[in-house]
Amino acid sequence: MAKIFIGPSPLSSVPDWEYSQIIRSAGHEVVYNPINRQLVESEVMHLLTGMDAVVAGSEPYTRAVLQAHPGLKVVARVGVGYDTVDVAAATELGKVVTIAPGTNHGSVAEHAFALMLAWAKGIVKQDAGMRRGEFLRGINTPLRGSTLGIAGLGRAGRAVAERALVFEMRVVAFDPYPDQGYCLRRGIKMVDWAGLLAESDWLSLHLPSTRESHHLMSDKAFAAMKRGAVLINTARGAVVDEKALEKALDSGHLGGACLDVYEEEPPGILPFFGRDNVVLTPHAAGVDQKSLADMAQSAAQAAVDILAGRWPTEKIVNRELGRED
């Protein structure tokens with residue numbers, strides 16, 4: 001019997017969900033995170049003692065953590081990103097890293113639109129005003145008829161595009177490997193990066209954190225955007241240079257920002273957090289009740305499969321460690 005640690009604290013409150021049944025039915029022990037928040041490195045280091053696998057949240061799996069636990073065989077991410085896992089170290093140490101593809105794009109898309117609508121309709125300001133006894137009526141911004149630019153037309157980007165079309169928005173998109181057939185069927189115009197910046201009234205980012213995407217939203221990129229455009233980031237914080245974002249907001253060239261992710265998390269209080277034209281959430285886009293259940297189930301199944309000698313190729317990040325049977 002193996003021990004499988006459950007990293008994300010929200011999963012500790014739902015021990016009867018399917019993910020735990022998958023682990024127990026395979027004959028393994030479920031060990032829950034005893035701390036009701038995201039773990040820091042020292043806590044991960046301690047709590048992984050004696051574990052064979054981890055169903056991992058956004059806590060850090062650094063080289064030091066991975067080296068300290070030679071018996072750990074699997075880091076199964078509850079999500080589709082893996083920037084909190086040192087994949088190079090995991091690969092070197094023979095530990096399989098997995099993700100949960102196809103599980104949270106709907107949640108991300110809904111959240112992106114919640115942010116856009118909150119900004120366009122002044123929901124945050126109006127709500128605060130009503131609570132102070134103020135009746136702040138005004139002219140809001142329509143989504144219909146405006147252009148939504150999507151950077152990255154993967155699962156999340158497509159889910160956002162589908163919703164944008166229902167909102168009667170024009171959609172343009174940039175993707176290094178575009179599916180021209182899909183775009184043609186849905187009436188989505190593919191453009192290059194410069195075209196995306198120039199045409200978008202709303203720019204929604206759906207790119208992974210890579211060396212190529214790091215600070216893609218730079219001083220130069222913000223300057224190339226349409227004046228008054230709004231940035232939405234539900235992808236990864238590293239894609240946006242926050243100092244450049246601050247300057248673009250201060251200059252008035254950028255109309256606003258809707259942010260769910262940050263370069264460092266938690267970010268503390270950044271200089272632009274007090275602005276009326278900024279809407280903020282705490283890296284919550286990918287997690288609702290359905291997506292969390294689906295991601296946890298996928299991660300648990302991946303851990304169980306790998307411990308049993310099976311190889312779920314579509315979930316594995318460091319595939320060089322093995323091959324499909």
# chains A, B, ... in the order shown; residues from 1 in each chain; ligands from 1
>>> closest_atom_pairs(of="stretch 195-293 of chain A", to="stretch 173-178 of chain A", cutoff="12 Å", atoms="only C-alpha atoms", output="tab-separated table")
residue	atom	partner	partner_atom	distance
A:Gly195	CA	A:Phe174	CA	8.5
A:Leu196	CA	A:Phe174	CA	6.4
A:Leu197	CA	A:Phe174	CA	9.6
A:Ala198	CA	A:Ala173	CA	11.7
A:Glu199	CA	A:Ala173	CA	10.0
A:Ser200	CA	A:Ala173	CA	9.3
A:Trp202	CA	A:Ala173	CA	11.4
A:Leu203	CA	A:Ala173	CA	9.4
A:Ser204	CA	A:Ala173	CA	9.5
A:Leu205	CA	A:Phe174	CA	10.0
A:His206	CA	A:Asp175	CA	9.7
A:Leu207	CA	A:Asp175	CA	9.0
A:Pro208	CA	A:Asp175	CA	11.8
A:Glu212	CA	A:Pro176	CA	11.3
A:Ser213	CA	A:Pro176	CA	11.4
>>> residues_around(residues="A:His46", least_positions_apart="3", cutoff="12 Å", atoms="only C-alpha atoms", output="short mmCIF file (atom, residue, chain, number, x, y, z; two decimals) with all heavy atoms, in the first residue's frame")
data_model
loop_
_atom_site.label_atom_id
_atom_site.label_comp_id
_atom_site.auth_asym_id
_atom_site.auth_seq_id
_atom_site.Cartn_x
_atom_site.Cartn_y
_atom_site.Cartn_z
N PHE A 5 -0.19 11.83 -0.73
CA PHE A 5 -0.47 13.08 -0.03
C PHE A 5 -1.34 13.99 -0.90
O PHE A 5 -1.12 14.11 -2.11
CB PHE A 5 0.84 13.80 0.31
CG PHE A 5 0.65 15.07 1.08
CD1 PHE A 5 0.18 15.06 2.37
CD2 PHE A 5 0.94 16.30 0.48
CE1 PHE A 5 0.01 16.25 3.08
CE2 PHE A 5 0.77 17.48 1.17
CZ PHE A 5 0.29 17.46 2.48
N ASN A 33 -3.62 17.29 3.66
CA ASN A 33 -2.92 18.49 4.11
C ASN A 33 -3.59 18.99 5.39
O ASN A 33 -4.76 19.36 5.37
CB ASN A 33 -3.00 19.54 2.99
CG ASN A 33 -2.50 20.91 3.41
OD1 ASN A 33 -2.00 21.09 4.50
ND2 ASN A 33 -2.63 21.87 2.51
N PRO A 34 -2.87 19.05 6.51
CA PRO A 34 -3.49 19.47 7.77
C PRO A 34 -3.56 20.99 7.94
O PRO A 34 -4.13 21.47 8.94
CB PRO A 34 -2.55 18.86 8.82
CG PRO A 34 -1.21 18.90 8.16
CD PRO A 34 -1.47 18.64 6.70
N LEU A 39 0.50 25.57 1.01
CA LEU A 39 1.73 25.25 1.72
C LEU A 39 2.92 26.03 1.17
O LEU A 39 3.01 26.31 -0.02
CB LEU A 39 2.01 23.75 1.61
CG LEU A 39 0.93 22.81 2.16
CD1 LEU A 39 1.29 21.36 1.83
CD2 LEU A 39 0.77 22.99 3.66
N VAL A 40 3.86 26.32 2.05
CA VAL A 40 5.14 26.90 1.64
C VAL A 40 6.17 25.77 1.58
O VAL A 40 5.92 24.64 2.01
CB VAL A 40 5.59 28.02 2.61
CG1 VAL A 40 4.56 29.15 2.62
CG2 VAL A 40 5.79 27.47 4.01
N GLU A 41 7.36 26.08 1.06
CA GLU A 41 8.35 25.04 0.79
C GLU A 41 8.73 24.22 2.03
O GLU A 41 8.80 22.99 1.97
CB GLU A 41 9.62 25.67 0.19
CG GLU A 41 10.66 24.64 -0.20
CD GLU A 41 11.90 25.25 -0.83
OE1 GLU A 41 12.01 26.50 -0.82
OE2 GLU A 41 12.74 24.50 -1.32
N SER A 42 8.93 24.89 3.16
CA SER A 42 9.34 24.16 4.36
C SER A 42 8.26 23.19 4.82
O SER A 42 8.56 22.09 5.33
CB SER A 42 9.67 25.15 5.49
OG SER A 42 8.53 25.95 5.81
N GLU A 43 6.99 23.56 4.63
CA GLU A 43 5.89 22.67 5.01
C GLU A 43 5.77 21.49 4.06
O GLU A 43 5.53 20.36 4.49
CB GLU A 43 4.58 23.48 5.04
CG GLU A 43 4.57 24.53 6.15
CD GLU A 43 3.49 25.58 5.97
OE1 GLU A 43 3.00 25.75 4.83
OE2 GLU A 43 3.16 26.25 6.96
N THR A 49 7.19 13.56 3.93
CA THR A 49 7.94 12.45 4.52
C THR A 49 7.13 11.16 4.46
O THR A 49 5.99 11.10 4.92
CB THR A 49 8.30 12.77 5.99
OG1 THR A 49 9.08 13.97 6.02
CG2 THR A 49 9.08 11.63 6.62
N GLY A 50 7.72 10.15 3.84
CA GLY A 50 7.09 8.84 3.76
C GLY A 50 6.06 8.69 2.65
O GLY A 50 5.42 7.63 2.54
N MET A 51 5.90 9.71 1.81
CA MET A 51 4.89 9.65 0.75
C MET A 51 5.47 9.03 -0.53
O MET A 51 6.62 9.25 -0.89
CB MET A 51 4.35 11.04 0.46
CG MET A 51 3.68 11.72 1.64
SD MET A 51 2.28 10.78 2.26
CE MET A 51 2.23 11.36 3.96
N ALA A 64 15.14 21.08 -3.99
CA ALA A 64 15.45 20.70 -2.61
C ALA A 64 14.38 19.77 -2.05
O ALA A 64 14.68 18.77 -1.38
CB ALA A 64 15.59 21.95 -1.74
N VAL A 65 13.11 20.10 -2.31
CA VAL A 65 12.01 19.26 -1.84
C VAL A 65 12.08 17.88 -2.47
O VAL A 65 11.96 16.85 -1.79
CB VAL A 65 10.65 19.92 -2.15
CG1 VAL A 65 9.50 18.93 -1.97
CG2 VAL A 65 10.43 21.15 -1.28
N LEU A 66 12.28 17.83 -3.77
CA LEU A 66 12.29 16.56 -4.48
C LEU A 66 13.49 15.70 -4.07
O LEU A 66 13.38 14.47 -3.92
CB LEU A 66 12.29 16.81 -5.98
CG LEU A 66 11.05 17.54 -6.53
CD1 LEU A 66 11.24 17.89 -7.99
CD2 LEU A 66 9.79 16.70 -6.34
N ALA A 68 14.92 15.70 -1.20
CA ALA A 68 14.76 15.26 0.19
C ALA A 68 13.86 14.04 0.33
O ALA A 68 13.81 13.44 1.40
CB ALA A 68 14.21 16.42 1.02
N HIS A 69 13.16 13.67 -0.76
CA HIS A 69 12.20 12.56 -0.67
C HIS A 69 12.43 11.57 -1.80
O HIS A 69 11.68 11.52 -2.78
CB HIS A 69 10.78 13.12 -0.71
CG HIS A 69 10.50 14.05 0.43
ND1 HIS A 69 10.26 13.61 1.70
CD2 HIS A 69 10.48 15.40 0.48
CE1 HIS A 69 10.08 14.65 2.51
NE2 HIS A 69 10.20 15.75 1.79
#
>>> atom_distance(atom1="atom CA of A:Leu321", atom2="atom CA of A:Leu93")
9.9 Å
>>> closest_residue(among="A:Phe167, A:Phe222, A:Tyr262, A:Tyr19", to="A:Ile4", atoms="only C-alpha atoms")
A:Tyr19
>>> closest_atom_pairs(of="stretch 113-174 of chain A", to="stretch 282-298 of chain A", cutoff="10 Å", atoms="only C-alpha atoms", output="Markdown table")
| residue | atom | partner | partner_atom | distance |
| --- | --- | --- | --- | --- |
| A:Ala114 | CA | A:Ala285 | CA | 9.5 |
| A:Leu115 | CA | A:Ala285 | CA | 9.6 |
| A:Ala156 | CA | A:Gly286 | CA | 9.6 |
>>> write_last_selection(atoms="all heavy atoms", output="PDB file, in the first residue's frame")
ATOM      1  N   ALA A 114     -16.303  36.825 -16.303  1.00  0.00           N
ATOM      2  CA  ALA A 114     -16.727  37.502 -15.077  1.00  0.00           C
ATOM      3  C   ALA A 114     -15.883  38.751 -14.844  1.00  0.00           C
ATOM      4  O   ALA A 114     -16.402  39.815 -14.482  1.00  0.00           O
ATOM      5  CB  ALA A 114     -16.617  36.554 -13.887  1.00  0.00           C
ATOM      6  N   LEU A 115     -14.576  38.631 -15.063  1.00  0.00           N
ATOM      7  CA  LEU A 115     -13.686  39.786 -14.912  1.00  0.00           C
ATOM      8  C   LEU A 115     -14.016  40.875 -15.924  1.00  0.00           C
ATOM      9  O   LEU A 115     -14.092  42.067 -15.584  1.00  0.00           O
ATOM     10  CB  LEU A 115     -12.224  39.346 -15.066  1.00  0.00           C
ATOM     11  CG  LEU A 115     -11.637  38.503 -13.939  1.00  0.00           C
ATOM     12  CD1 LEU A 115     -10.269  37.970 -14.336  1.00  0.00           C
ATOM     13  CD2 LEU A 115     -11.530  39.316 -12.655  1.00  0.00           C
ATOM     14  N   ALA A 156      -8.505  26.616 -23.204  1.00  0.00           N
ATOM     15  CA  ALA A 156      -9.057  27.780 -22.510  1.00  0.00           C
ATOM     16  C   ALA A 156      -9.353  28.907 -23.491  1.00  0.00           C
ATOM     17  O   ALA A 156     -10.409  29.553 -23.417  1.00  0.00           O
ATOM     18  CB  ALA A 156      -8.093  28.253 -21.428  1.00  0.00           C
TER      19      ALA A 156
END
>>> select_by_dssp(residues="stretch 10-130 of chain A", states="strand (DSSP E or B)", output="ChimeraX atom specification")
/A:29-32,53-56,61,74-77,85,96-98
>>> write_last_selection(atoms="N, CA, C and O atoms", output="CSV table (one decimal), in the first residue's frame")
chain,number,residue,atom,x,y,z
A,29,GLU,N,-3.3,4.6,0.7
A,29,GLU,CA,-3.7,5.5,1.8
A,29,GLU,C,-3.8,6.9,1.4
A,29,GLU,O,-2.8,7.4,0.7
A,30,VAL,N,-4.8,7.6,1.8
A,30,VAL,CA,-4.9,9.1,1.5
A,30,VAL,C,-4.5,9.8,2.7
A,30,VAL,O,-5.0,9.6,3.8
A,31,VAL,N,-3.5,10.8,2.5
A,31,VAL,CA,-3.0,11.6,3.6
A,31,VAL,C,-3.3,13.1,3.3
A,31,VAL,O,-2.8,13.6,2.2
A,32,TYR,N,-4.1,13.7,4.1
A,32,TYR,CA,-4.5,15.1,3.8
A,32,TYR,C,-3.6,16.2,4.3
A,32,TYR,O,-2.9,16.0,5.4
A,53,ALA,N,3.5,9.3,-3.5
A,53,ALA,CA,3.0,10.2,-4.6
A,53,ALA,C,2.3,11.4,-3.9
A,53,ALA,O,1.9,11.3,-2.7
A,54,VAL,N,2.1,12.4,-4.7
A,54,VAL,CA,1.4,13.6,-4.2
A,54,VAL,C,0.4,14.1,-5.3
A,54,VAL,O,0.8,14.2,-6.4
A,55,VAL,N,-0.8,14.3,-4.8
A,55,VAL,CA,-1.8,15.0,-5.7
A,55,VAL,C,-1.5,16.5,-5.3
A,55,VAL,O,-1.8,17.0,-4.3
A,56,ALA,N,-0.9,17.2,-6.3
A,56,ALA,CA,-0.2,18.5,-6.0
A,56,ALA,C,-1.1,19.7,-6.4
A,56,ALA,O,-1.7,19.7,-7.4
A,61,TYR,N,7.3,22.6,-5.5
A,61,TYR,CA,8.1,21.3,-5.5
A,61,TYR,C,9.4,21.6,-6.2
A,61,TYR,O,9.7,21.4,-7.3
A,74,VAL,N,5.7,10.2,-7.8
A,74,VAL,CA,4.8,10.9,-8.7
A,74,VAL,C,4.4,12.3,-8.1
A,74,VAL,O,4.1,12.3,-6.9
A,75,VAL,N,4.5,13.3,-8.9
A,75,VAL,CA,3.9,14.6,-8.6
A,75,VAL,C,2.8,14.8,-9.6
A,75,VAL,O,3.0,15.2,-10.8
A,76,ALA,N,1.6,14.6,-9.1
A,76,ALA,CA,0.4,14.7,-10.0
A,76,ALA,C,-0.3,16.0,-9.8
A,76,ALA,O,-1.0,16.2,-8.8
A,77,ARG,N,-0.2,16.9,-10.7
A,77,ARG,CA,-0.7,18.3,-10.6
A,77,ARG,C,-2.2,18.3,-10.7
A,77,ARG,O,-2.8,17.8,-11.7
A,85,VAL,N,6.6,23.3,-10.2
A,85,VAL,CA,7.3,22.0,-10.1
A,85,VAL,C,8.6,22.2,-10.9
A,85,VAL,O,8.6,22.6,-12.1
A,96,VAL,N,8.0,11.2,-11.8
A,96,VAL,CA,7.0,11.5,-12.9
A,96,VAL,C,6.2,12.7,-12.5
A,96,VAL,O,5.6,12.7,-11.4
A,97,VAL,N,6.1,13.7,-13.4
A,97,VAL,CA,5.2,14.8,-13.2
A,97,VAL,C,4.1,14.7,-14.2
A,97,VAL,O,4.3,14.5,-15.4
A,98,THR,N,2.8,14.9,-13.7
A,98,THR,CA,1.7,14.8,-14.6
A,98,THR,C,0.8,16.1,-14.4
A,98,THR,O,0.9,16.8,-13.4
>>> select_by_dssp(residues="stretch 132-313 of chain A", states="helix (DSSP H, G or I)", output="VMD selection string")
chain A and resid 155 to 166 180 to 186 193 to 199 219 to 224 237 to 239 242 to 251 271 to 274 289 to 307 313
>>> atom_distance(atom1="atom CA of A:Leu165", atom2="atom CA of A:Val239")
25.3 Å
>>> residues_around(residues="A:Leu245", least_positions_apart="2", cutoff="9 Å", atoms="only C-alpha atoms", output="PyMOL selection string")
chain A and resi 217-219+222+240-243+247-250+254+257+272
>>> write_last_selection(atoms="N, CA, C and O atoms", output="PDB file, in the first residue's frame")
ATOM      1  N   MET A 217       4.095  40.566 -22.377  1.00  0.00           N
ATOM      2  CA  MET A 217       3.456  41.876 -22.241  1.00  0.00           C
ATOM      3  C   MET A 217       4.455  42.821 -21.585  1.00  0.00           C
ATOM      4  O   MET A 217       4.549  42.950 -20.366  1.00  0.00           O
ATOM      5  N   SER A 218       5.224  43.475 -22.449  1.00  0.00           N
ATOM      6  CA  SER A 218       6.316  44.359 -22.057  1.00  0.00           C
ATOM      7  C   SER A 218       5.937  45.808 -22.329  1.00  0.00           C
ATOM      8  O   SER A 218       4.829  46.097 -22.799  1.00  0.00           O
ATOM      9  N   ASP A 219       6.847  46.732 -22.067  1.00  0.00           N
ATOM     10  CA  ASP A 219       6.620  48.145 -22.425  1.00  0.00           C
ATOM     11  C   ASP A 219       6.254  48.269 -23.900  1.00  0.00           C
ATOM     12  O   ASP A 219       5.321  48.998 -24.263  1.00  0.00           O
ATOM     13  N   PHE A 222       2.650  46.878 -24.592  1.00  0.00           N
ATOM     14  CA  PHE A 222       1.599  47.775 -24.122  1.00  0.00           C
ATOM     15  C   PHE A 222       1.491  49.012 -25.017  1.00  0.00           C
ATOM     16  O   PHE A 222       0.388  49.472 -25.321  1.00  0.00           O
ATOM     17  N   VAL A 240       3.175  38.663 -17.970  1.00  0.00           N
ATOM     18  CA  VAL A 240       3.036  40.126 -17.903  1.00  0.00           C
ATOM     19  C   VAL A 240       4.150  40.721 -17.045  1.00  0.00           C
ATOM     20  O   VAL A 240       4.357  40.300 -15.900  1.00  0.00           O
ATOM     21  N   ASP A 241       4.845  41.703 -17.597  1.00  0.00           N
ATOM     22  CA  ASP A 241       5.802  42.499 -16.828  1.00  0.00           C
ATOM     23  C   ASP A 241       4.991  43.504 -16.016  1.00  0.00           C
ATOM     24  O   ASP A 241       4.431  44.454 -16.560  1.00  0.00           O
ATOM     25  N   GLU A 242       4.899  43.297 -14.709  1.00  0.00           N
ATOM     26  CA  GLU A 242       4.020  44.126 -13.888  1.00  0.00           C
ATOM     27  C   GLU A 242       4.480  45.576 -13.796  1.00  0.00           C
ATOM     28  O   GLU A 242       3.660  46.481 -13.634  1.00  0.00           O
ATOM     29  N   LYS A 243       5.773  45.823 -13.914  1.00  0.00           N
ATOM     30  CA  LYS A 243       6.259  47.212 -13.926  1.00  0.00           C
ATOM     31  C   LYS A 243       5.821  47.905 -15.212  1.00  0.00           C
ATOM     32  O   LYS A 243       5.433  49.085 -15.197  1.00  0.00           O
ATOM     33  N   LYS A 247       3.189  51.153 -15.630  1.00  0.00           N
ATOM     34  CA  LYS A 247       3.461  52.346 -16.436  1.00  0.00           C
ATOM     35  C   LYS A 247       2.366  52.578 -17.474  1.00  0.00           C
ATOM     36  O   LYS A 247       1.962  53.724 -17.719  1.00  0.00           O
ATOM     37  N   ALA A 248       1.894  51.495 -18.090  1.00  0.00           N
ATOM     38  CA  ALA A 248       0.850  51.630 -19.108  1.00  0.00           C
ATOM     39  C   ALA A 248      -0.445  52.146 -18.501  1.00  0.00           C
ATOM     40  O   ALA A 248      -1.175  52.940 -19.118  1.00  0.00           O
ATOM     41  N   LEU A 249      -0.746  51.710 -17.281  1.00  0.00           N
ATOM     42  CA  LEU A 249      -1.940  52.205 -16.590  1.00  0.00           C
ATOM     43  C   LEU A 249      -1.758  53.663 -16.176  1.00  0.00           C
ATOM     44  O   LEU A 249      -2.659  54.488 -16.332  1.00  0.00           O
ATOM     45  N   ASP A 250      -0.588  53.988 -15.645  1.00  0.00           N
ATOM     46  CA  ASP A 250      -0.327  55.358 -15.191  1.00  0.00           C
ATOM     47  C   ASP A 250      -0.389  56.364 -16.336  1.00  0.00           C
ATOM     48  O   ASP A 250      -0.848  57.497 -16.163  1.00  0.00           O
ATOM     49  N   LEU A 254      -3.243  52.312 -21.462  1.00  0.00           N
ATOM     50  CA  LEU A 254      -4.009  51.099 -21.197  1.00  0.00           C
ATOM     51  C   LEU A 254      -5.263  51.484 -20.418  1.00  0.00           C
ATOM     52  O   LEU A 254      -5.185  52.133 -19.378  1.00  0.00           O
ATOM     53  N   ALA A 257      -7.135  46.788 -16.479  1.00  0.00           N
ATOM     54  CA  ALA A 257      -6.618  45.423 -16.391  1.00  0.00           C
ATOM     55  C   ALA A 257      -7.505  44.591 -15.488  1.00  0.00           C
ATOM     56  O   ALA A 257      -8.034  45.079 -14.488  1.00  0.00           O
ATOM     57  N   PHE A 272      -0.533  49.270  -8.377  1.00  0.00           N
ATOM     58  CA  PHE A 272      -1.732  49.571  -9.170  1.00  0.00           C
ATOM     59  C   PHE A 272      -3.002  48.948  -8.591  1.00  0.00           C
ATOM     60  O   PHE A 272      -4.069  49.083  -9.174  1.00  0.00           O
TER      61      PHE A 272
END
>>> residues_around(residues="A:Gly228", least_positions_apart="3", cutoff="9 Å", atoms="only C-alpha atoms", output="JSON, numbers by chain")
{"A": [201, 225, 252, 253, 254, 255, 256]}
>>> residues_around(residues="A:Glu168", least_positions_apart="5", cutoff="12 Å", atoms="only C-alpha atoms", output="ChimeraX atom specification")
/A:142-148,161-163,187
>>> write_last_selection(atoms="all heavy atoms", output="PDB file, in the first residue's frame")
ATOM      1  N   PRO A 142     -20.140  48.443 -23.360  1.00  0.00           N
ATOM      2  CA  PRO A 142     -20.685  47.199 -23.935  1.00  0.00           C
ATOM      3  C   PRO A 142     -19.584  46.237 -24.357  1.00  0.00           C
ATOM      4  O   PRO A 142     -18.492  46.658 -24.744  1.00  0.00           O
ATOM      5  CB  PRO A 142     -21.453  47.705 -25.155  1.00  0.00           C
ATOM      6  CG  PRO A 142     -20.677  48.918 -25.571  1.00  0.00           C
ATOM      7  CD  PRO A 142     -20.166  49.561 -24.314  1.00  0.00           C
ATOM      8  N   LEU A 143     -19.867  44.957 -24.287  1.00  0.00           N
ATOM      9  CA  LEU A 143     -18.992  43.964 -24.905  1.00  0.00           C
ATOM     10  C   LEU A 143     -19.374  43.747 -26.365  1.00  0.00           C
ATOM     11  O   LEU A 143     -18.500  43.587 -27.229  1.00  0.00           O
ATOM     12  CB  LEU A 143     -19.073  42.625 -24.154  1.00  0.00           C
ATOM     13  CG  LEU A 143     -18.603  42.574 -22.699  1.00  0.00           C
ATOM     14  CD1 LEU A 143     -18.603  41.133 -22.206  1.00  0.00           C
ATOM     15  CD2 LEU A 143     -17.244  43.197 -22.524  1.00  0.00           C
ATOM     16  N   ARG A 144     -20.671  43.714 -26.639  1.00  0.00           N
ATOM     17  CA  ARG A 144     -21.135  43.440 -27.999  1.00  0.00           C
ATOM     18  C   ARG A 144     -20.583  44.493 -28.963  1.00  0.00           C
ATOM     19  O   ARG A 144     -20.535  45.683 -28.669  1.00  0.00           O
ATOM     20  CB  ARG A 144     -22.660  43.409 -28.039  1.00  0.00           C
ATOM     21  CG  ARG A 144     -23.317  44.713 -27.672  1.00  0.00           C
ATOM     22  CD  ARG A 144     -24.813  44.575 -27.432  1.00  0.00           C
ATOM     23  NE  ARG A 144     -25.404  45.879 -27.150  1.00  0.00           N
ATOM     24  CZ  ARG A 144     -25.328  46.509 -25.997  1.00  0.00           C
ATOM     25  NH1 ARG A 144     -24.671  45.959 -24.984  1.00  0.00           N
ATOM     26  NH2 ARG A 144     -25.892  47.699 -25.837  1.00  0.00           N
ATOM     27  N   GLY A 145     -20.149  44.011 -30.105  1.00  0.00           N
ATOM     28  CA  GLY A 145     -19.613  44.905 -31.122  1.00  0.00           C
ATOM     29  C   GLY A 145     -18.148  45.248 -30.949  1.00  0.00           C
ATOM     30  O   GLY A 145     -17.533  45.813 -31.864  1.00  0.00           O
ATOM     31  N   SER A 146     -17.557  44.902 -29.807  1.00  0.00           N
ATOM     32  CA  SER A 146     -16.134  45.176 -29.590  1.00  0.00           C
ATOM     33  C   SER A 146     -15.306  43.963 -30.015  1.00  0.00           C
ATOM     34  O   SER A 146     -15.838  42.878 -30.271  1.00  0.00           O
ATOM     35  CB  SER A 146     -15.865  45.530 -28.127  1.00  0.00           C
ATOM     36  OG  SER A 146     -16.192  44.451 -27.283  1.00  0.00           O
ATOM     37  N   THR A 147     -14.001  44.149 -30.079  1.00  0.00           N
ATOM     38  CA  THR A 147     -13.101  43.082 -30.530  1.00  0.00           C
ATOM     39  C   THR A 147     -12.352  42.480 -29.366  1.00  0.00           C
ATOM     40  O   THR A 147     -11.663  43.183 -28.618  1.00  0.00           O
ATOM     41  CB  THR A 147     -12.095  43.622 -31.561  1.00  0.00           C
ATOM     42  OG1 THR A 147     -12.802  44.084 -32.717  1.00  0.00           O
ATOM     43  CG2 THR A 147     -11.108  42.545 -31.980  1.00  0.00           C
ATOM     44  N   LEU A 148     -12.509  41.164 -29.212  1.00  0.00           N
ATOM     45  CA  LEU A 148     -11.748  40.428 -28.211  1.00  0.00           C
ATOM     46  C   LEU A 148     -10.573  39.750 -28.890  1.00  0.00           C
ATOM     47  O   LEU A 148     -10.753  38.963 -29.822  1.00  0.00           O
ATOM     48  CB  LEU A 148     -12.625  39.374 -27.535  1.00  0.00           C
ATOM     49  CG  LEU A 148     -11.887  38.429 -26.572  1.00  0.00           C
ATOM     50  CD1 LEU A 148     -11.326  39.184 -25.388  1.00  0.00           C
ATOM     51  CD2 LEU A 148     -12.795  37.297 -26.122  1.00  0.00           C
ATOM     52  N   ALA A 161     -13.325  32.087 -26.586  1.00  0.00           N
ATOM     53  CA  ALA A 161     -13.816  32.494 -27.910  1.00  0.00           C
ATOM     54  C   ALA A 161     -15.279  32.122 -28.096  1.00  0.00           C
ATOM     55  O   ALA A 161     -16.072  32.930 -28.614  1.00  0.00           O
ATOM     56  CB  ALA A 161     -12.961  31.846 -28.999  1.00  0.00           C
ATOM     57  N   GLU A 162     -15.655  30.923 -27.689  1.00  0.00           N
ATOM     58  CA  GLU A 162     -17.045  30.485 -27.848  1.00  0.00           C
ATOM     59  C   GLU A 162     -17.995  31.404 -27.084  1.00  0.00           C
ATOM     60  O   GLU A 162     -19.071  31.759 -27.573  1.00  0.00           O
ATOM     61  CB  GLU A 162     -17.199  29.039 -27.364  1.00  0.00           C
ATOM     62  CG  GLU A 162     -16.435  28.007 -28.181  1.00  0.00           C
ATOM     63  CD  GLU A 162     -16.964  27.846 -29.594  1.00  0.00           C
ATOM     64  OE1 GLU A 162     -18.126  28.222 -29.847  1.00  0.00           O
ATOM     65  OE2 GLU A 162     -16.207  27.346 -30.445  1.00  0.00           O
ATOM     66  N   ARG A 163     -17.615  31.787 -25.899  1.00  0.00           N
ATOM     67  CA  ARG A 163     -18.458  32.676 -25.101  1.00  0.00           C
ATOM     68  C   ARG A 163     -18.490  34.082 -25.692  1.00  0.00           C
ATOM     69  O   ARG A 163     -19.524  34.764 -25.665  1.00  0.00           O
ATOM     70  CB  ARG A 163     -17.953  32.687 -23.650  1.00  0.00           C
ATOM     71  CG  ARG A 163     -18.295  31.382 -22.926  1.00  0.00           C
ATOM     72  CD  ARG A 163     -17.359  31.094 -21.751  1.00  0.00           C
ATOM     73  NE  ARG A 163     -17.745  29.870 -21.046  1.00  0.00           N
ATOM     74  CZ  ARG A 163     -17.476  28.647 -21.475  1.00  0.00           C
ATOM     75  NH1 ARG A 163     -16.807  28.456 -22.607  1.00  0.00           N
ATOM     76  NH2 ARG A 163     -17.860  27.592 -20.782  1.00  0.00           N
ATOM     77  N   GLY A 187     -15.536  31.610 -37.504  1.00  0.00           N
ATOM     78  CA  GLY A 187     -15.433  33.011 -37.907  1.00  0.00           C
ATOM     79  C   GLY A 187     -14.420  33.799 -37.092  1.00  0.00           C
ATOM     80  O   GLY A 187     -14.582  35.011 -36.882  1.00  0.00           O
TER      81      GLY A 187
END
>>> closest_residue(among="A:Leu307, A:Ile139, A:Val166, A:Leu280", to="A:Ala112", atoms="only C-alpha atoms")
A:Leu280
>>> closest_residue(among="A:Gly133, A:Gly81, A:Pro70, A:Gly268", to="A:Ala100", atoms="only C-alpha atoms")
A:Gly81
>>> residues_around(residues="stretch 116-118 of chain A", least_positions_apart="4", cutoff="8 Å", atoms="only C-alpha atoms", output="list of chain:residue names")
A:Ala112, A:Gly122, A:Ile123, A:Val124, A:Leu143, A:Ile232, A:Cys258, A:Val279
